[in-house]
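Student: Below you'll find my_file-v3.txt; it's compact mmCIF, C-alpha atoms.
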```
# COMPACT_ATOMS: atom_id res chain seq x y z
CA MET A 767 -76.27 -35.93 -76.15
CA LYS A 768 -73.13 -38.05 -75.49
CA ILE A 769 -71.75 -37.00 -78.88
CA VAL A 770 -72.25 -33.32 -78.03
CA ILE A 771 -70.46 -33.71 -74.69
CA LEU A 772 -67.56 -35.59 -76.29
CA PHE A 773 -67.34 -32.93 -79.00
CA ILE A 774 -67.20 -30.13 -76.43
CA MET A 775 -64.56 -31.99 -74.39
CA ALA A 776 -62.44 -32.53 -77.51
CA LEU A 777 -62.66 -28.86 -78.50
CA THR A 778 -61.94 -27.37 -75.06
CA PRO A 779 -58.12 -27.28 -75.51
CA LEU A 780 -58.54 -25.67 -78.94
CA ILE A 781 -60.94 -23.07 -77.58
CA LEU A 782 -58.55 -22.25 -74.74
CA LYS A 783 -55.64 -21.87 -77.17
CA SER A 784 -57.61 -19.60 -79.48
CA LYS A 785 -58.87 -17.39 -76.67
CA GLU A 786 -56.35 -14.84 -75.45
CA LEU A 787 -56.01 -15.56 -71.75
CA ASN A 788 -55.14 -13.01 -69.10
CA GLY A 789 -52.26 -13.37 -66.70
CA PRO A 790 -52.60 -14.02 -62.97
CA LEU A 791 -53.16 -10.41 -61.92
CA LEU A 792 -56.21 -9.87 -64.15
CA THR A 793 -57.70 -13.31 -63.53
CA GLY A 794 -59.49 -14.01 -60.28
CA TRP A 795 -62.01 -16.41 -58.80
CA LYS A 796 -65.75 -15.92 -59.25
CA GLY A 797 -65.30 -12.19 -59.89
CA GLN A 798 -62.95 -11.61 -56.95
CA LYS A 799 -59.24 -10.78 -57.20
CA VAL A 800 -56.84 -13.34 -55.73
CA CYS A 801 -53.55 -11.62 -56.63
CA GLU A 802 -52.30 -8.14 -55.81
CA LYS A 803 -49.37 -6.31 -57.36
CA LEU A 804 -46.65 -5.63 -54.80
CA SER A 805 -44.13 -4.11 -57.19
CA GLU A 806 -43.49 -3.54 -60.88
CA ASN A 807 -40.56 -2.46 -62.98
CA SER A 808 -39.76 -2.46 -66.69
CA HIS A 809 -39.20 -6.21 -66.88
CA GLU A 810 -41.29 -7.92 -64.17
CA ASN A 811 -44.31 -7.82 -61.88
CA ILE A 812 -44.18 -9.06 -58.32
CA LEU A 813 -47.51 -10.40 -57.05
CA ARG A 814 -48.91 -11.87 -53.85
CA CYS A 815 -51.67 -14.43 -54.46
CA THR A 816 -53.89 -15.68 -51.63
CA PHE A 817 -56.25 -18.66 -51.76
CA ALA A 818 -58.50 -19.48 -48.83
CA PRO A 819 -59.88 -23.04 -48.71
CA GLY A 820 -62.28 -23.51 -51.62
CA VAL A 821 -60.88 -20.55 -53.56
CA GLY A 822 -59.04 -20.96 -56.82
CA HIS A 823 -57.64 -19.12 -59.81
CA GLU A 824 -59.71 -19.38 -62.99
CA VAL A 825 -58.05 -20.33 -66.30
CA HIS A 826 -55.09 -18.03 -66.99
CA LYS A 827 -51.59 -18.05 -68.46
CA HIS A 828 -48.15 -17.20 -67.12
CA ASN A 829 -45.04 -15.70 -68.64
CA ALA A 830 -41.72 -17.01 -67.31
CA ASN A 831 -41.89 -16.79 -63.51
CA PHE A 832 -40.49 -17.71 -60.12
CA GLY A 833 -42.81 -18.46 -57.22
CA TYR A 834 -42.31 -18.79 -53.47
CA ALA A 835 -44.93 -20.38 -51.20
CA VAL A 836 -45.16 -18.33 -48.02
CA SER A 837 -47.91 -20.65 -46.78
CA GLY A 838 -48.58 -23.95 -48.50
CA GLY A 839 -51.49 -26.35 -48.74
CA THR A 840 -53.27 -28.77 -51.03
CA VAL A 841 -54.02 -27.52 -54.52
CA GLN A 842 -55.79 -29.10 -57.48
CA ILE A 843 -54.19 -28.13 -60.79
CA LYS A 844 -55.90 -28.48 -64.17
CA ASP A 845 -53.81 -27.95 -67.31
CA GLU A 846 -52.97 -29.59 -70.63
CA LYS A 847 -51.53 -32.57 -68.71
CA GLY A 848 -54.87 -33.24 -66.99
CA THR A 849 -56.04 -32.74 -63.40
CA ARG A 850 -53.91 -33.58 -60.40
CA THR A 851 -53.71 -32.79 -56.68
CA VAL A 852 -50.42 -31.44 -55.34
CA GLU A 853 -49.13 -30.68 -51.85
CA LEU A 854 -47.48 -27.26 -51.92
CA ALA A 855 -45.10 -27.06 -48.96
CA SER A 856 -44.64 -23.81 -47.06
CA ASN A 857 -41.30 -22.14 -47.87
CA SER A 858 -41.00 -24.07 -51.15
CA TYR A 859 -40.41 -22.47 -54.52
CA PHE A 860 -40.80 -23.17 -58.20
CA ASP A 861 -39.35 -21.86 -61.44
CA SER A 862 -41.24 -21.94 -64.75
CA LEU A 863 -40.57 -20.92 -68.34
CA GLY A 864 -44.27 -20.07 -68.59
CA THR A 865 -47.64 -21.76 -68.73
CA LYS A 866 -49.97 -21.72 -71.76
CA TRP A 867 -52.96 -22.19 -69.47
CA HIS A 868 -53.91 -23.65 -66.14
CA GLU A 869 -56.50 -23.38 -63.41
CA ILE A 870 -56.02 -24.08 -59.72
CA LEU A 871 -58.26 -24.69 -56.72
CA ASN A 872 -57.33 -24.82 -53.05
CA VAL A 873 -58.83 -28.17 -51.98
CA GLY A 874 -57.15 -28.19 -48.56
CA GLU A 875 -57.98 -26.72 -45.18
CA THR A 876 -55.30 -24.00 -45.01
CA THR A 877 -54.95 -20.65 -46.75
CA ILE A 878 -52.28 -20.74 -49.45
CA VAL A 879 -50.16 -17.62 -50.02
CA TYR A 880 -47.41 -17.30 -52.56
CA ILE A 881 -45.26 -14.59 -54.08
CA ILE A 882 -44.70 -14.70 -57.82
CA LEU A 883 -42.12 -12.78 -59.84
CA GLU A 884 -43.33 -12.82 -63.43
CA ALA A 885 -41.55 -11.52 -66.51
CA LYS A 886 -43.40 -8.97 -68.64
```
In structure tokens, write the structure found in this file.
Tutor:
Amino acid sequence: MKIVILFIMALTPLILKSKELNGPLLTGWKGQKVCEKLSENSHENILRCTFAPGVGHEVHKHNANFGYAVSGGTVQIKDEKGTRTVELASNSYFDSLGTKWHEILNVGETTIVYIILEAK
């Protein structure tokens, strides 16, 4: 049984890479949407994503993007680097060239809201 578990753990990154992941708009949490499209043009989507305590964003990918945290909190991030807990400050922002895959979970006590501008 231990060999099977180790085998599955070793193959998980390969499975994720081979599976075509959706972006943040089409990926939700336990069948529920967490992001809504605020605007769209020929080169980007603008989304608002909301995560109540205990709500996350299942495995998804991102194109190049800019994000702004309207309301921050404590988030657990799982990606190719491992799993870590991060404090996302209100009124903070981030810039990314894209993400092959990641999953997040709000592990804090506040609702997290952020705006993301993502390239098409």
Student: Tell me, as a list of chain:residue names, which residues lie within 8 Å of A:Glu824, counting all atoms listed in the file; anything in the same chain fewer than 2 positions away does not count.
Tutor: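 Within the cut-off, the hits are A:Thr793, A:Gly794, A:Trp795, A:Lys796, A:Gly822, A:His826, A:His868, A:Glu869, A:Ile870.
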Student: Just write the chosen residues, C-alpha atoms, as a PDB file, in the frame of the given file.
Tutor:
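part39.pdb, written as the output of this step:
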```pdb
ATOM      1  CA  THR A 793     -57.700 -13.310 -63.530  1.00  0.00           C
ATOM      2  CA  GLY A 794     -59.490 -14.010 -60.280  1.00  0.00           C
ATOM      3  CA  TRP A 795     -62.010 -16.410 -58.800  1.00  0.00           C
ATOM      4  CA  LYS A 796     -65.750 -15.920 -59.250  1.00  0.00           C
ATOM      5  CA  GLY A 822     -59.040 -20.960 -56.820  1.00  0.00           C
ATOM      6  CA  HIS A 826     -55.090 -18.030 -66.990  1.00  0.00           C
ATOM      7  CA  HIS A 868     -53.910 -23.650 -66.140  1.00  0.00           C
ATOM      8  CA  GLU A 869     -56.500 -23.380 -63.410  1.00  0.00           C
ATOM      9  CA  ILE A 870     -56.020 -24.080 -59.720  1.00  0.00           C
TER      10      ILE A 870
END
```
Student: Go through A:Leu791, A:Trp867, A:Gly797, A:Ala830 and flag the residue nearest A:His809, using all atoms listed in the file for the distances.
Tutor: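 Using all atoms listed in the file, A:His809 sits closest to A:Ala830.
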Student: Return as JSON the centre and edge lengths, in Å with one decimal, of the box along x, y and z that encloses every atom of stretch 827-841 of chain A in the file, padded by 5 Å per side.
Tutor:
```
{"center_x": -47.3, "center_y": -22.2, "center_z": -57.7, "size_x": 23.5, "size_y": 23.1, "size_z": 31.9}
```
Student: Record the distance separating atom CA of A:Glu802 and atom CA of A:Glu853, expressed in Å with one decimal.
Tutor: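 We find that atom CA of A:Glu802 and atom CA of A:Glu853 lie 23.1 Å from each other.
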Student: A:Gly839, A:Leu813, A:Thr851, A:Lys844: which is nearest A:Thr876, counting only C-alpha atoms?
Tutor: A:Gly839
Student: Which of these residues is nearest to A:Gly820, using all atoms listed in the file: A:Lys799, A:Asn872, A:Ala885, A:Ala835?
Tutor: A:Asn872
Student: Measuring atom to atom with only C-alpha atoms, identify which of A:Ser856, A:His828, A:Ser808, A:Gly848 is nearest to A:Leu792.
Tutor: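 Among the listed residues, A:His828 lies closest to A:Leu792.
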Student: With distances taken over all atoms listed in the file, which residue among A:Gly789, A:Gly874, A:Gly838, A:Gly833 lies nearest A:Leu854?
Tutor: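 Under the stated criterion, the closest residue is A:Gly838.
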Student: Atom CA of A:Asn788 and atom CA of A:Asn831, how far apart in Å?
Tutor: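 Here the two named atoms are 14.9 Å from each other.
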Student: For each of A:Val852, A:Val800, A:Leu883, A:Val873, take the minimum atom-to-atom distance to A:Phe817, counting all atoms listed in the file, then give the residue where this is smallest.
Tutor: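 Of A:Val852, A:Val800, A:Leu883, A:Val873, the one nearest A:Phe817, counting all atoms listed in the file, is A:Val800.
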Student: Rounded to one decimal in Å, what is the spacing between atom CA of A:Thr877 and atom CA of A:Gln842?
Tutor: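 Distance between the two atoms: 13.7 Å.
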Student: Name all residues at most 9 Å from A:Asn811 (count all atoms listed in the file; drop same-chain ones fewer than 4 positions away) and give them as a list of chain:residue names.
Tutor: A:Lys803, A:Leu804, A:Ser805, A:Glu806, A:Asn807, A:Ile882, A:Leu883, A:Glu884, A:Ala885, A:Lys886
Student: Rebuild stretch 783-815 of chain A to N, CA and C atoms - output it as a tab-separated table (two decimals), in the frame of the given file, please.
Tutor:
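In the end it all went to part-v2.tsv:
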```tsv
chain	number	residue	atom	x	y	z
A	783	LYS	N	-56.80	-22.38	-76.43
A	783	LYS	CA	-55.64	-21.87	-77.17
A	783	LYS	C	-56.02	-20.67	-78.03
A	784	SER	N	-57.22	-20.68	-78.59
A	784	SER	CA	-57.61	-19.60	-79.48
A	784	SER	C	-58.03	-18.35	-78.71
A	785	LYS	N	-58.45	-18.51	-77.49
A	785	LYS	CA	-58.87	-17.39	-76.67
A	785	LYS	C	-57.64	-16.78	-76.00
A	786	GLU	N	-57.48	-15.49	-76.09
A	786	GLU	CA	-56.35	-14.84	-75.45
A	786	GLU	C	-56.61	-14.78	-73.94
A	787	LEU	N	-55.84	-15.51	-73.20
A	787	LEU	CA	-56.01	-15.56	-71.75
A	787	LEU	C	-55.29	-14.42	-71.07
A	788	ASN	N	-55.80	-14.01	-69.93
A	788	ASN	CA	-55.14	-13.01	-69.10
A	788	ASN	C	-54.11	-13.69	-68.21
A	789	GLY	N	-53.24	-12.89	-67.66
A	789	GLY	CA	-52.26	-13.37	-66.70
A	789	GLY	C	-52.87	-13.46	-65.32
A	790	PRO	N	-52.08	-13.79	-64.32
A	790	PRO	CA	-52.60	-14.02	-62.97
A	790	PRO	C	-53.18	-12.78	-62.29
A	791	LEU	N	-52.66	-11.61	-62.58
A	791	LEU	CA	-53.16	-10.41	-61.92
A	791	LEU	C	-54.59	-10.06	-62.36
A	792	LEU	N	-54.90	-10.23	-63.63
A	792	LEU	CA	-56.21	-9.87	-64.15
A	792	LEU	C	-57.24	-10.99	-64.03
A	793	THR	N	-56.79	-12.17	-63.68
A	793	THR	CA	-57.70	-13.31	-63.53
A	793	THR	C	-57.93	-13.55	-62.05
A	794	GLY	N	-59.16	-13.77	-61.69
A	794	GLY	CA	-59.49	-14.01	-60.28
A	794	GLY	C	-60.25	-15.30	-60.09
A	795	TRP	N	-61.17	-15.26	-59.13
A	795	TRP	CA	-62.01	-16.41	-58.80
A	795	TRP	C	-63.42	-15.91	-58.53
A	796	LYS	N	-64.34	-16.29	-59.39
A	796	LYS	CA	-65.75	-15.92	-59.25
A	796	LYS	C	-65.92	-14.41	-59.07
A	797	GLY	N	-65.19	-13.65	-59.90
A	797	GLY	CA	-65.30	-12.19	-59.89
A	797	GLY	C	-64.48	-11.48	-58.83
A	798	GLN	N	-63.76	-12.20	-58.02
A	798	GLN	CA	-62.95	-11.61	-56.95
A	798	GLN	C	-61.46	-11.76	-57.28
A	799	LYS	N	-60.69	-10.73	-57.00
A	799	LYS	CA	-59.24	-10.78	-57.20
A	799	LYS	C	-58.61	-11.74	-56.19
A	800	VAL	N	-57.59	-12.48	-56.63
A	800	VAL	CA	-56.84	-13.34	-55.73
A	800	VAL	C	-55.37	-12.93	-55.66
A	801	CYS	N	-54.93	-12.10	-56.61
A	801	CYS	CA	-53.55	-11.62	-56.63
A	801	CYS	C	-53.52	-10.10	-56.55
A	802	GLU	N	-52.52	-9.59	-55.87
A	802	GLU	CA	-52.30	-8.14	-55.81
A	802	GLU	C	-50.87	-7.84	-56.23
A	803	LYS	N	-50.70	-6.71	-56.91
A	803	LYS	CA	-49.37	-6.31	-57.36
A	803	LYS	C	-48.63	-5.65	-56.20
A	804	LEU	N	-47.48	-6.20	-55.85
A	804	LEU	CA	-46.65	-5.63	-54.80
A	804	LEU	C	-45.64	-4.65	-55.37
A	805	SER	N	-45.14	-4.95	-56.57
A	805	SER	CA	-44.13	-4.11	-57.19
A	805	SER	C	-44.11	-4.37	-58.69
A	806	GLU	N	-43.60	-3.40	-59.43
A	806	GLU	CA	-43.49	-3.54	-60.88
A	806	GLU	C	-42.30	-2.72	-61.35
A	807	ASN	N	-41.60	-3.24	-62.33
A	807	ASN	CA	-40.56	-2.46	-62.98
A	807	ASN	C	-40.65	-2.74	-64.48
A	808	SER	N	-39.67	-2.35	-65.23
A	808	SER	CA	-39.76	-2.46	-66.69
A	808	SER	C	-39.75	-3.90	-67.20
A	809	HIS	N	-39.30	-4.85	-66.38
A	809	HIS	CA	-39.20	-6.21	-66.88
A	809	HIS	C	-39.96	-7.28	-66.08
A	810	GLU	N	-40.55	-6.91	-64.93
A	810	GLU	CA	-41.29	-7.92	-64.17
A	810	GLU	C	-42.35	-7.30	-63.25
A	811	ASN	N	-43.32	-8.13	-62.91
A	811	ASN	CA	-44.31	-7.82	-61.88
A	811	ASN	C	-44.07	-8.75	-60.71
A	812	ILE	N	-44.26	-8.24	-59.51
A	812	ILE	CA	-44.18	-9.06	-58.32
A	812	ILE	C	-45.57	-9.06	-57.70
A	813	LEU	N	-46.14	-10.25	-57.53
A	813	LEU	CA	-47.51	-10.40	-57.05
A	813	LEU	C	-47.56	-11.24	-55.79
A	814	ARG	N	-48.58	-10.98	-54.97
A	814	ARG	CA	-48.91	-11.87	-53.85
A	814	ARG	C	-50.29	-12.44	-54.15
A	815	CYS	N	-50.40	-13.76	-54.17
A	815	CYS	CA	-51.67	-14.43	-54.46
A	815	CYS	C	-52.09	-15.22	-53.22
```
